[in-house]
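Participant: You'll find model_26.txt just under this line, and it carries compact mmCIF, C-alpha atoms.
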```txt
# COMPACT_ATOMS: atom_id res chain seq x y z
CA MET K 1 94.91 111.69 107.78
CA LEU K 2 96.34 112.65 111.16
CA PHE K 3 97.89 109.69 112.96
CA CYS K 4 99.77 110.12 116.25
CA GLY K 5 100.17 113.80 115.39
CA ILE K 6 101.59 113.09 111.92
CA ASN K 7 99.81 113.75 108.64
CA ILE K 8 100.05 110.46 106.70
CA ASN K 9 99.34 111.57 103.14
CA VAL K 10 100.56 108.68 100.97
CA THR K 11 98.33 105.69 101.62
CA GLN K 12 98.36 103.79 98.29
CA ARG K 13 101.22 102.56 96.12
CA GLU K 14 100.17 104.61 93.09
CA GLU K 15 100.42 107.79 95.22
CA LEU K 16 104.20 107.31 95.40
CA PHE K 17 104.38 108.88 91.96
CA LYS K 18 102.01 111.82 92.45
CA GLU K 19 103.24 115.35 91.72
CA ALA K 20 106.36 113.84 90.16
CA ASP K 21 107.11 117.06 88.29
CA LYS K 22 108.38 118.80 91.44
CA PHE K 23 110.79 117.94 94.23
CA ARG K 24 109.39 115.49 96.78
CA HIS K 25 110.79 114.37 100.11
CA LEU K 26 109.25 110.96 100.82
CA ILE K 27 109.42 109.56 104.36
CA PRO K 28 108.29 106.06 105.43
CA VAL K 29 107.31 106.52 109.09
CA ASN K 30 107.61 103.62 111.53
CA ALA K 31 106.87 103.46 115.26
CA GLU K 32 110.37 104.65 116.17
CA GLY K 33 110.00 107.66 113.87
CA ILE K 34 106.69 108.60 115.45
CA VAL K 35 108.20 108.47 118.93
CA GLN K 36 111.27 110.47 117.81
CA ALA K 37 109.06 113.15 116.27
CA HIS K 38 107.28 113.72 119.57
CA SER K 39 110.59 114.53 121.26
CA ASN K 40 112.02 116.57 118.38
CA SER K 41 109.93 119.45 117.09
CA ARG K 42 112.05 119.91 113.97
CA LEU K 43 111.58 116.28 112.92
CA MET K 44 107.83 116.61 113.51
CA GLN K 45 107.78 119.74 111.32
CA ILE K 46 109.67 117.94 108.53
CA LEU K 47 107.31 114.96 108.64
CA ASN K 48 104.26 117.20 108.47
CA SER K 49 105.66 119.28 105.60
CA ASN K 50 106.43 116.42 103.23
CA TYR K 51 105.13 113.08 101.92
CA THR K 52 104.73 110.32 104.50
CA THR K 53 103.80 106.64 104.40
CA ILE K 54 103.13 104.07 107.10
CA ASP K 55 106.08 101.73 107.65
CA GLY K 56 105.61 98.78 109.99
CA GLN K 57 102.84 96.32 110.70
CA ILE K 58 101.96 97.62 114.16
CA PRO K 59 101.55 101.26 113.03
CA LEU K 60 99.46 99.90 110.13
CA TRP K 61 97.17 98.02 112.55
CA LEU K 62 96.82 101.06 114.78
CA TYR K 63 96.06 103.31 111.81
CA ARG K 64 93.35 100.92 110.61
CA PHE K 65 91.99 100.72 114.16
CA LYS K 66 91.66 104.51 114.24
CA TYR K 67 90.35 104.74 110.66
CA PRO K 68 88.57 101.42 110.02
CA LYS K 69 87.25 102.52 106.62
CA SER K 70 90.72 103.38 105.33
CA SER K 71 92.28 101.21 102.61
CA ILE K 72 95.82 102.24 103.56
CA VAL K 73 98.69 99.86 102.73
CA LYS K 74 102.11 99.54 104.34
CA LEU K 75 104.79 101.25 102.25
CA SER K 76 108.19 100.63 103.82
CA GLY K 77 111.51 101.73 102.41
CA SER K 78 112.49 98.11 101.80
CA ASP K 79 109.46 97.69 99.51
CA ILE K 80 109.16 101.01 97.72
CA ILE K 81 112.81 101.03 96.62
CA TYR K 82 111.74 98.49 93.99
CA ASP K 83 108.61 100.41 92.94
CA LEU K 84 110.52 103.66 92.59
CA SER K 85 113.50 102.05 90.84
CA GLU K 86 111.15 100.56 88.26
CA TRP K 87 109.48 103.97 87.91
CA ALA K 88 112.88 105.60 87.42
CA LEU K 89 113.84 103.07 84.76
CA SER K 90 110.60 103.58 82.83
CA ASN K 91 111.14 107.36 82.90
CA GLY K 92 114.84 107.29 82.03
CA TYR K 93 115.79 108.64 85.47
CA ARG K 94 119.10 108.00 87.23
CA VAL K 95 119.08 106.53 90.74
CA PHE K 96 121.58 107.26 93.52
CA LEU K 97 121.99 105.31 96.77
CA LEU K 98 123.50 107.45 99.53
CA GLY K 99 124.50 106.02 102.88
CA GLY K 100 124.62 102.65 104.56
CA LYS K 101 127.79 100.64 105.08
CA LYS K 102 129.96 100.28 101.98
CA GLU K 103 129.25 96.56 101.61
CA SER K 104 125.50 97.19 101.93
CA ASN K 105 125.57 100.06 99.45
CA ASP K 106 127.63 98.05 96.94
CA GLY K 107 125.42 95.00 97.40
CA ALA K 108 122.22 97.00 96.94
CA LEU K 109 123.63 98.51 93.73
CA LYS K 110 124.41 95.05 92.38
CA ARG K 111 120.99 93.70 93.32
CA LEU K 112 119.12 96.54 91.62
CA LYS K 113 121.32 96.27 88.52
CA ASP K 114 120.52 92.56 88.36
CA LEU K 115 116.79 93.24 88.66
CA TYR K 116 116.75 96.19 86.25
CA PRO K 117 119.65 95.63 83.78
CA ASN K 118 119.20 98.95 81.97
CA ILE K 119 118.90 101.13 85.06
CA GLU K 120 121.39 103.98 85.50
CA ILE K 121 122.40 103.73 89.13
CA GLU K 122 125.30 104.72 91.35
CA GLY K 123 125.97 104.93 95.07
CA TYR K 124 128.20 106.32 97.76
CA SER K 125 128.78 105.39 101.38
CA PRO K 126 130.30 108.40 103.20
CA VAL K 127 132.43 108.05 106.30
CA TYR K 128 130.35 107.77 109.45
CA GLU K 129 129.80 111.00 111.36
CA PRO K 130 127.15 112.24 113.76
CA TYR K 131 124.90 114.89 112.26
CA PRO K 132 125.50 117.65 111.23
CA PHE K 133 128.31 116.42 108.99
CA SER K 134 131.63 118.17 108.63
CA GLU K 135 131.94 120.53 105.68
CA LYS K 136 134.49 118.17 104.09
CA ASN K 137 132.15 115.19 104.31
CA ASN K 138 129.10 117.10 103.08
CA SER K 139 131.05 118.60 100.18
CA ARG K 140 132.16 115.14 99.12
CA ILE K 141 128.57 113.90 99.21
CA ARG K 142 127.44 116.83 97.09
CA GLU K 143 130.25 116.24 94.59
CA LYS K 144 129.21 112.62 94.16
CA ILE K 145 125.59 113.59 93.56
CA LEU K 146 126.45 116.38 91.13
CA SER K 147 128.79 114.17 89.11
CA PHE K 148 126.04 111.57 88.56
CA HIS K 149 123.05 113.92 88.29
CA PRO K 150 120.34 111.58 89.66
CA GLN K 151 116.61 112.24 89.59
CA LEU K 152 115.85 109.67 92.32
CA LEU K 153 117.84 109.69 95.56
CA PHE K 154 117.65 107.17 98.40
CA VAL K 155 119.26 108.33 101.66
CA GLY K 156 120.06 105.62 104.21
CA PHE K 157 121.36 107.49 107.25
CA GLY K 158 118.65 106.33 109.66
CA MET K 159 115.44 108.03 110.76
CA GLY K 160 115.99 111.63 111.81
CA LYS K 161 119.53 111.99 110.52
CA GLN K 162 118.50 111.36 106.91
CA GLU K 163 115.48 113.66 107.19
CA PHE K 164 117.59 116.51 108.56
CA TRP K 165 120.19 116.04 105.81
CA ILE K 166 117.59 116.05 103.01
CA ASP K 167 115.87 119.08 104.52
CA ASP K 168 119.12 121.00 105.01
CA ASN K 169 120.20 120.22 101.43
CA ARG K 170 116.81 120.68 99.81
CA CYS K 171 117.77 123.68 97.66
CA PHE K 172 120.94 121.94 96.51
CA LEU K 173 119.01 118.78 95.58
CA GLU K 174 116.37 120.73 93.67
CA ASP K 175 119.04 122.63 91.75
CA ALA K 176 120.85 119.34 91.06
CA GLY K 177 117.72 117.97 89.37
CA VAL K 178 116.59 115.48 92.02
CA LYS K 179 112.85 114.80 91.65
CA CYS K 180 112.40 112.56 94.67
CA ALA K 181 114.51 112.03 97.82
CA VAL K 182 113.56 109.09 100.03
CA GLY K 183 114.66 108.59 103.64
CA CYS K 184 115.07 104.82 103.60
CA GLY K 185 116.84 103.85 106.84
CA GLY K 186 118.39 100.37 106.69
CA THR K 187 116.91 99.50 103.29
CA PHE K 188 120.30 98.91 101.63
CA GLU K 189 121.11 96.19 104.15
CA PHE K 190 117.95 94.31 103.18
CA VAL K 191 118.26 94.86 99.43
CA SER K 192 121.90 93.73 99.47
CA GLY K 193 121.11 90.63 101.51
CA GLN K 194 123.49 91.69 104.28
CA ILE K 195 120.51 91.22 106.57
CA LYS K 196 117.64 89.01 105.47
CA ARG K 197 114.11 90.33 105.84
CA ALA K 198 111.85 88.65 108.35
CA PRO K 199 109.79 85.73 107.04
CA PHE K 200 106.43 86.88 105.71
CA TRP K 201 104.52 85.44 108.67
CA MET K 202 106.70 87.44 111.09
CA GLN K 203 106.11 90.60 109.05
CA ARG K 204 102.36 90.03 109.23
CA LEU K 205 102.56 89.58 113.00
CA GLY K 206 104.49 92.83 113.44
CA MET K 207 107.66 91.04 114.58
CA GLU K 208 110.17 92.54 112.14
CA SER K 209 112.01 94.36 114.93
CA ILE K 210 112.36 91.08 116.84
CA TRP K 211 113.75 89.42 113.71
CA ARG K 212 116.25 92.25 113.24
CA LEU K 213 117.34 91.83 116.86
CA LEU K 214 117.86 88.09 116.33
CA CYS K 215 119.94 88.79 113.21
CA GLU K 216 121.90 91.58 114.92
CA PRO K 217 121.75 91.04 118.71
CA ARG K 218 122.93 94.40 120.00
CA MET K 219 121.74 96.41 122.98
CA PHE K 220 120.78 99.48 120.92
CA ARG K 221 118.23 97.33 119.08
CA VAL K 222 116.64 96.29 122.40
CA LYS K 223 116.41 99.97 123.36
CA ARG K 224 114.83 100.83 119.99
CA ILE K 225 112.19 98.12 120.40
CA LEU K 226 111.32 99.33 123.91
CA LEU K 227 111.22 102.95 122.71
CA SER K 228 108.83 102.03 119.91
CA PHE K 229 106.19 100.95 122.44
CA LYS K 230 105.68 104.63 123.25
CA ILE K 231 103.63 104.84 120.05
CA PHE K 232 100.60 103.81 122.14
CA LYS K 233 101.05 106.98 124.19
CA TYR K 234 100.58 109.12 121.08
CA LEU K 235 97.79 107.16 119.39
```
Starting from the coordinates I provided, produce the structure as structure tokens.
Facilitator:
Amino acid sequence: MLFCGININVTQREELFKEADKFRHLIPVNAEGIVQAHSNSRLMQILNSNYTTIDGQIPLWLYRFKYPKSSIVKLSGSDIIYDLSEWALSNGYRVFLLGGKKESNDGALKRLKDLYPNIEIEGYSPVYEPYPFSEKNNSRIREKILSFHPQLLFVGFGMGKQEFWIDDNRCFLEDAGVKCAVGCGGTFEFVSGQIKRAPFWMQRLGMESIWRLLCEPRMFRVKRILLSFKIFKYL
């Protein structure tokens, strides 16, 4: 259904695995992503051309307010990484974690290996660059993916940047055998334990951004919280 101008088309957990025989670009959309999309027509086009979920308690409340009969559930990157990793394991698929800081990427790899001992998983944290990446950096990323040949790819470059990269490299990913590419933002930091997730009661109250600010008190996080309030403008 249309929500703040975005077609949210994955509303239940079991829908994460629909049309698994073809390439899918899966995008959890939070309040910040909605606001970004309204100021960037290309991001809006990418969101409306792929598979999207609701990420964040406040967008979930607003969606249910607009569509009170909907049974939609929140499907954030930090949750679905476990669902999709288990799905990959049961199907014999390889998993690749791309992005995040090196310590977060390494920690997320270790955590998922501990949870799913037989999973085939690898990761790579490229040097930080604004997007678009240099040819050298992008070639290195492609080499890493090709050498491992994953079917499930998580990309943690942050909302917008990761969506542009997946979209720009879509043909390459399809040819490389990737079945599903997920823009997962800061998921690796949570999975690795570098940053602890908000207590459940704070998640239910829609205070995850406040928790993240308390864990990482930096001005850009204040700006992101304030920016997210613009979601009400687009409801």
Participant: Hey, which of K:Pro132, K:Gly160, K:Pro117, K:Pro199 ends up closest to Ile34 (chain K)? Count all atoms listed in the file.
Facilitator: K:Gly160
Participant: Which one of K:Gly100, K:Phe172, K:Phe17, K:Arg140 sits closest to Glu86 (chain K) if you count only C-alpha atoms?
Facilitator: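 The closest residue to Glu86 (chain K) is K:Phe17.
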Participant: Would you compute the distance between CA of Arg24 (chain K) and CA of Cys180 (chain K)? Give it in Å to one decimal.
Facilitator: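 Taking CA of Arg24 (chain K) as the start and CA of Cys180 (chain K) as the end point, the length is 4.7 Å.
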Participant: Which residues, written as a PyMOL selection string, have at least one atom at most 10 Å from Leu16 (chain K), with only C-alpha atoms counted and residues fewer than 6 positions away on the same chain left out?
Facilitator: chain K and resi 10+24+26+51-53+75+80+83-84+87+180
Participant: Neighbours of Gly193 (chain K) within 9 Å (all atoms listed in the file; same-chain residues fewer than 4 positions away dropped), as a count of residues only?
Facilitator: 7
Participant: Using only C-alpha atoms, which residues sit within 9 Å of Ala37 (chain K) once same-chain residues fewer than 6 positions away are excluded, as a PyMOL selection string?
Facilitator: chain K and resi 5-6+43-45+47+160
Participant: Could you tell me how far CA of Lys179 (chain K) sits from CA of Lys18 (chain K), in Å to one decimal place?
Facilitator: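 One can read the CA of Lys18 (chain K) to CA of Lys179 (chain K) distance as 11.3 Å.
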Participant: Name the closest residue to Cys184 (chain K) among the candidates K:Ser71, K:Ser78, K:Thr11, K:Asn137; distances are taken between atoms, counting all atoms listed in the file.
Facilitator: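 Result for the nearest residue to Cys184 (chain K): K:Ser78.
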Participant: Identify which of the residues K:Glu135, K:Lys196, K:Asp55, K:His149 lies closest to Val178 (chain K), counting all atoms listed in the file when measuring atom-to-atom distances.
Facilitator: K:His149
Participant: So what do you get for CA of Ile54 (chain K) versus CA of Pro28 (chain K), distance-wise?
Facilitator: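 It comes out at 5.8 Å.
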Participant: What's around region 168-171 of chain K at 10 Å? Count only C-alpha atoms, leave out sequence neighbours fewer than 5 positions away in its own chain, and write the answer as a list in words.
Facilitator: Phe23, Arg24, His25, Pro132, Asn138, Arg142, Gln162, Glu163, Ala176, Val178 and Ala181 of chain K
Participant: Could you pull the residues within 9 Å of Ile166 (chain K), counting all atoms listed in the file, minus those fewer than 5 positions along the same chain, as a list in words?
Facilitator: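 Skipping anything fewer than 5 positions along the chain leaves His25, Val155, Lys161, Leu173, Ala181, Val182 and Gly183 of chain K.
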Participant: Tell me which of K:Leu98, K:Ala20, K:Val191, K:Ile72 sits closest to Asp114 (chain K), counting only C-alpha atoms.
Facilitator: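 Among the listed residues, K:Val191 lies closest to Asp114 (chain K).
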Participant: Find, counting all atoms listed in the file, the residue in K:Leu115, K:Ala88, K:Ile46, K:Ile8 that gets nearest to Tyr63 (chain K).
Facilitator: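 Ranked by minimum distance to Tyr63 (chain K), first place goes to K:Ile8.
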